[in-house]
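Asker: Before I ask anything, here is the structure I am working with.
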Amino acid sequence: MTEKSKDQLRDHVERQLADKGSLLTFSPMVKARYEEETGTARCRHLVICGLVALALYNVFLISDWRLIPDIFDQALIVRLAVVTPLALLIVAILLRNPSPFVREASQTSISIIVTASMLHLSSTSDSPLAIYHHFGVVLVILFANVVQQLHFPYAVAASIGTVALYVGVVLNLDNFPGEASLTAIMIMIGAAVFTLIANYTLERQLRLAYLLGLRDRLRQEELEALARIDPLTGLGNRRQLDRRLDALWTPTAGASTPVGAILIDVDHFKAYNDNYGHPAGDLCLKRIAALIAGELRGTDDVAFRFGGEEFVVILARTDMMDGVRIAERIRKAIEAAAIPHAYSAVAPYVTVSLGVSGATPDSTVTRDEMILSADTALYAAKRNGRNQVWPPRGKAAASVTHIREVRR
């Protein structure tokens, strides 16, 4: 995620937290992040709950055998040959981590299907005990709204569908007294209302907790990013340089791939600072940092402020020859910027000296030795007149063993 995207996400999170009424309807950006981080766990939860509920649903064949023995064979078909395959199909869909709509709608659908199956058996049987069979429907509402915790709009849809089916069947049961029908319907409506309140409260708390946690994580990432960035130039600092080198020197980073280092020093910067003032010196370093960054090739090249007026560029997948070419490009870009420097002994504008080295992480050369070699080359560039890259192109093919040279 880019820094701009992170900033936008932080803004969205803050707005959602400020608007308490919108907790159940995240903005598209927050919703995408929420689903990315919780979608898989949500599917896993629904699969486990669904398998447990399916087992319990089929255990209720014992109740069918006792209450509606006249259609027990039909109950076997409905539970084992119709509802069970449909439930297992939904489990298979959930295992593929479907979209939020498919995930939640499938659970809403199976809740209504289970309700319909139970009410069908209750209304079909001629057993005098069949009037007690339909009370199990209340478990469907409890399961959907509290155990599965369907997202609130889907919980409302499942509850309305379940209650509507229940009312339609119970009012037409011939052997069920009207007074009892009214009581049963009121109980079912009450169960739906109370569980919907619980569902809304739980989901709101879960989403609020997620937003607070996400805000804390984004703030932590921002602080960590600031801790790795030089505040003046916006380049990485020494801490970030160490992280970059650690990553390139890990065994899994492609150890046989060459790595280059360019150490850059602004010529006669102390004279610039002393005569133009520190604010002008800071502005100069900012411009140089921007010029260096402008010559990088992408994610393989990363620039850092090494300290004071020194910069370092780490080049992944880059040999010595390419490193020298990139260094020369940086030198020319800074020279072409013609930042005035009347107090330089090199030119009337700001110039830089650059030292280049290279290594392969799987060799005996360490990351510190590679930086030391670039430092040695930098001092050679200064000794030879500044405003140049060392080694020159003609000498850039020197053996990597020269990395171990000690600076004179």
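Ligands are numbered from 1 in the order shown, chains are lettered A, B, ... in the order of the structure tokens, and residues start at 1 in each chain.
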Could you pull out all residues of region 272-390 of chain A with a DSSP call of strand (DSSP E) and give them as a list in words?
Answerer: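 Everything in region 272-390 of chain A that counts as strand (DSSP E) is Asp301, Val302, Ala303, Phe304, Arg305, Phe306, Gly307, Glu310, Phe311, Val312, Val313, Ile314, Leu315, Ala316, Val352, Ser353, Leu354, Gly355, Val356, Ser357, Gly358, Ala359, Val389 and Trp390 of chain A.
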Asker: Would you give me, as a PyMOL selection string, the residues in region 74-278 of chain A that DSSP reads as helix (DSSP H, G or I)?
Answerer: chain A and resi 74-94+100-124+128-147+152-170+178-227+238-248+251-253+269-276+278
Asker: Keeping only C-alpha atoms, write the selected residues as a short mmCIF file (atom, residue, chain, number, x, y, z; two decimals), in the first residue's frame.
Answerer:
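Saved to selection-v4.cif:
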data_model
loop_
_atom_site.label_atom_id
_atom_site.label_comp_id
_atom_site.auth_asym_id
_atom_site.auth_seq_id
_atom_site.Cartn_x
_atom_site.Cartn_y
_atom_site.Cartn_z
CA GLN A 74 -40.46 -38.30 4.65
CA ALA A 75 -38.48 -36.61 7.46
CA LEU A 76 -35.48 -38.80 6.58
CA ILE A 77 -35.67 -37.68 2.95
CA VAL A 78 -36.13 -33.98 3.78
CA ARG A 79 -33.31 -33.85 6.34
CA LEU A 80 -30.77 -36.25 4.82
CA ALA A 81 -31.44 -36.07 1.09
CA VAL A 82 -32.51 -32.45 0.61
CA VAL A 83 -31.30 -30.10 3.33
CA THR A 84 -28.03 -31.87 4.18
CA PRO A 85 -26.65 -31.81 0.58
CA LEU A 86 -27.62 -28.14 0.25
CA ALA A 87 -25.88 -27.33 3.55
CA LEU A 88 -22.75 -29.22 2.49
CA LEU A 89 -22.78 -27.36 -0.84
CA ILE A 90 -22.78 -24.06 1.06
CA VAL A 91 -19.91 -25.31 3.22
CA ALA A 92 -17.97 -26.09 0.05
CA ILE A 93 -18.67 -22.58 -1.23
CA LEU A 94 -17.46 -21.06 2.04
CA PRO A 100 -19.19 -11.06 1.29
CA PHE A 101 -22.55 -11.06 -0.51
CA VAL A 102 -22.34 -14.74 -1.48
CA ARG A 103 -21.08 -15.67 1.98
CA GLU A 104 -23.81 -13.91 3.94
CA ALA A 105 -26.62 -14.54 1.44
CA SER A 106 -25.89 -18.27 1.45
CA GLN A 107 -26.31 -18.34 5.23
CA THR A 108 -29.55 -16.38 4.99
CA SER A 109 -30.83 -18.81 2.38
CA ILE A 110 -30.00 -21.97 4.35
CA SER A 111 -31.70 -20.51 7.43
CA ILE A 112 -34.92 -20.04 5.48
CA ILE A 113 -34.58 -23.48 3.83
CA VAL A 114 -34.16 -25.18 7.22
CA THR A 115 -37.18 -23.28 8.55
CA ALA A 116 -39.23 -24.32 5.54
CA SER A 117 -38.21 -27.96 5.95
CA MET A 118 -39.23 -28.05 9.61
CA LEU A 119 -42.54 -26.30 8.99
CA HIS A 120 -43.29 -28.59 6.05
CA LEU A 121 -42.97 -31.63 8.28
CA SER A 122 -45.07 -30.02 11.04
CA SER A 123 -47.90 -29.16 8.64
CA THR A 124 -47.84 -32.44 6.74
CA PRO A 128 -51.64 -35.34 17.33
CA LEU A 129 -48.17 -34.46 18.64
CA ALA A 130 -47.25 -32.54 15.47
CA ILE A 131 -48.43 -29.32 17.09
CA TYR A 132 -45.27 -29.36 19.23
CA HIS A 133 -42.89 -30.02 16.37
CA HIS A 134 -42.66 -26.48 14.95
CA PHE A 135 -41.29 -24.89 18.13
CA GLY A 136 -37.80 -25.92 17.02
CA VAL A 137 -37.88 -23.05 14.51
CA VAL A 138 -36.87 -20.66 17.28
CA LEU A 139 -33.45 -22.36 17.27
CA VAL A 140 -32.99 -21.30 13.65
CA ILE A 141 -33.36 -17.64 14.59
CA LEU A 142 -31.04 -18.00 17.59
CA PHE A 143 -28.44 -19.74 15.46
CA ALA A 144 -28.52 -17.26 12.57
CA ASN A 145 -28.58 -14.07 14.61
CA VAL A 146 -26.42 -14.94 17.63
CA VAL A 147 -24.24 -17.98 16.87
CA PHE A 152 -27.12 -7.25 10.42
CA PRO A 153 -28.96 -6.62 7.11
CA TYR A 154 -28.81 -10.36 6.34
CA ALA A 155 -29.88 -11.21 9.88
CA VAL A 156 -32.92 -8.97 9.38
CA ALA A 157 -33.72 -10.70 6.08
CA ALA A 158 -33.33 -14.17 7.63
CA SER A 159 -35.51 -13.20 10.59
CA ILE A 160 -38.26 -11.71 8.43
CA GLY A 161 -38.26 -14.75 6.14
CA THR A 162 -38.31 -17.19 9.03
CA VAL A 163 -41.08 -15.40 10.94
CA ALA A 164 -43.17 -14.95 7.78
CA LEU A 165 -43.00 -18.68 7.02
CA TYR A 166 -43.78 -19.52 10.62
CA VAL A 167 -46.81 -17.26 10.81
CA GLY A 168 -48.17 -18.59 7.52
CA VAL A 169 -47.90 -22.22 8.61
CA VAL A 170 -48.96 -21.93 12.27
CA GLY A 178 -56.03 -20.11 17.79
CA GLU A 179 -55.01 -18.83 21.21
CA ALA A 180 -51.95 -21.08 21.17
CA SER A 181 -51.14 -19.96 17.64
CA LEU A 182 -51.11 -16.34 18.74
CA THR A 183 -48.83 -17.12 21.68
CA ALA A 184 -46.46 -19.13 19.48
CA ILE A 185 -46.27 -16.33 16.94
CA MET A 186 -45.63 -13.74 19.63
CA ILE A 187 -42.83 -15.88 21.07
CA MET A 188 -41.27 -16.26 17.63
CA ILE A 189 -41.48 -12.52 16.91
CA GLY A 190 -40.02 -11.77 20.32
CA ALA A 191 -37.15 -14.16 19.69
CA ALA A 192 -36.46 -12.48 16.36
CA VAL A 193 -36.53 -8.96 17.84
CA PHE A 194 -34.37 -9.79 20.86
CA THR A 195 -31.78 -11.70 18.83
CA LEU A 196 -31.67 -8.93 16.24
CA ILE A 197 -30.91 -6.43 19.01
CA ALA A 198 -28.14 -8.73 20.23
CA ASN A 199 -26.88 -9.17 16.67
CA TYR A 200 -26.77 -5.41 16.06
CA THR A 201 -24.99 -4.76 19.35
CA LEU A 202 -22.39 -7.48 18.78
CA GLU A 203 -21.66 -6.46 15.21
CA ARG A 204 -21.38 -2.80 16.14
CA GLN A 205 -18.97 -3.62 18.95
CA LEU A 206 -16.91 -5.89 16.71
CA ARG A 207 -16.66 -3.29 13.98
CA LEU A 208 -15.84 -0.53 16.45
CA ALA A 209 -13.10 -2.70 17.95
CA TYR A 210 -11.77 -3.38 14.45
CA LEU A 211 -11.68 0.32 13.57
CA LEU A 212 -9.90 1.20 16.82
CA GLY A 213 -7.40 -1.58 16.25
CA LEU A 214 -6.86 -0.55 12.63
CA ARG A 215 -6.34 3.07 13.65
CA ASP A 216 -3.75 1.99 16.22
CA ARG A 217 -1.95 -0.17 13.66
CA LEU A 218 -1.92 2.62 11.07
CA ARG A 219 -0.57 5.05 13.64
CA GLN A 220 2.11 2.55 14.62
CA GLU A 221 3.06 2.05 10.98
CA GLU A 222 3.23 5.82 10.54
CA LEU A 223 5.49 6.18 13.58
CA GLU A 224 7.71 3.35 12.37
CA ALA A 225 7.89 4.91 8.93
CA LEU A 226 8.85 8.26 10.44
CA ALA A 227 11.52 6.53 12.52
CA ARG A 238 20.71 4.90 8.83
CA ARG A 239 18.20 2.63 10.52
CA GLN A 240 16.37 2.05 7.24
CA LEU A 241 19.71 1.52 5.51
CA ASP A 242 20.50 -1.29 7.95
CA ARG A 243 17.10 -2.88 7.28
CA ARG A 244 17.70 -2.71 3.53
CA LEU A 245 21.13 -4.30 3.80
CA ASP A 246 19.81 -6.97 6.16
CA ALA A 247 17.15 -7.85 3.61
CA LEU A 248 19.69 -8.10 0.79
CA PRO A 251 19.83 -16.28 2.59
CA THR A 252 16.44 -16.04 0.88
CA ALA A 253 17.16 -12.74 -0.89
CA PHE A 269 29.62 21.74 1.96
CA LYS A 270 30.99 23.27 5.16
CA ALA A 271 31.98 26.38 3.20
CA TYR A 272 28.46 26.43 1.71
CA ASN A 273 26.88 26.25 5.17
CA ASP A 274 29.20 28.81 6.72
CA ASN A 275 28.64 31.40 4.00
CA TYR A 276 25.03 30.87 2.92
CA HIS A 278 22.15 26.68 7.67
#
Asker: In Å, how far is it from CA of Ala380 (chain A) to CA of Gly277 (chain A)?
Answerer: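 Answer for the CA of Ala380 (chain A) to CA of Gly277 (chain A) separation: 28.7 Å.
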Asker: Give me, please, the distance in Å between CA of Ser125 (chain A) and CA of Ala53 (chain A), quoted to one decimal.
Answerer: 24.0 Å
Asker: Go through region 83-124 of chain A residue by residue and, counting only C-alpha atoms, keep those with an atom at most 9 Å from region 21-40 of chain A; for each kept residue give the shortest atom pair and its distance in Å to one decimal, ordered by chain and increasing number, as a tab-separated table.
Answerer:
residue	atom	partner	partner_atom	distance
A:Leu95	CA	A:Thr40	CA	8.8
A:Asn97	CA	A:Thr40	CA	6.1
A:Pro98	CA	A:Gly39	CA	8.7
A:Ser99	CA	A:Gly39	CA	8.5
A:Pro100	CA	A:Gly39	CA	7.6
Asker: Kindly save the residues from that selection, with N, CA, C and O atoms included, as a CSV table (one decimal), in the first residue's frame.
Answerer:
chain,number,residue,atom,x,y,z
A,95,LEU,N,-15.6,-22.6,1.8
A,95,LEU,CA,-14.2,-23.0,1.8
A,95,LEU,C,-13.4,-22.3,0.7
A,95,LEU,O,-12.2,-22.3,0.8
A,97,ASN,N,-13.7,-19.1,0.1
A,97,ASN,CA,-13.7,-17.7,0.5
A,97,ASN,C,-14.4,-16.8,-0.5
A,97,ASN,O,-13.8,-16.0,-1.2
A,98,PRO,N,-15.7,-17.0,-0.6
A,98,PRO,CA,-16.5,-16.2,-1.6
A,98,PRO,C,-16.6,-14.7,-1.2
A,98,PRO,O,-16.1,-14.3,-0.2
A,99,SER,N,-17.2,-13.9,-2.1
A,99,SER,CA,-17.5,-12.5,-1.8
A,99,SER,C,-18.4,-12.4,-0.6
A,99,SER,O,-19.1,-13.3,-0.2
A,100,PRO,N,-18.3,-11.3,0.1
A,100,PRO,CA,-19.2,-11.1,1.3
A,100,PRO,C,-20.7,-11.3,1.0
A,100,PRO,O,-21.4,-11.9,1.8
Asker: Which residue gives the smallest distance to Asp230 (chain A) among A:Gly307, A:Arg42, A:Thr250, A:Ile264, with only C-alpha atoms counted?
Answerer: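 Using only C-alpha atoms, Asp230 (chain A) sits closest to A:Gly307.
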Asker: With only C-alpha atoms as the counted atoms, please give the residues lying no more than 6 Å from Thr351 (chain A), apart from itself and same-chain residues fewer than 3 positions off, as a count of residues only.
Answerer: 3
Asker: Considering only C-alpha atoms, state which residue in the set A:Ala345, A:Val350, A:Ile262, A:Ile371 is at the smallest distance from Thr318 (chain A).
Answerer: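 Residue with the minimum atom-to-atom distance to Thr318 (chain A): A:Ile262.
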Asker: Could you tell me how far CA of Gly355 (chain A) lies from CA of Trp390 (chain A), in Å and to one decimal?
Answerer: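 It comes out at 5.0 Å.
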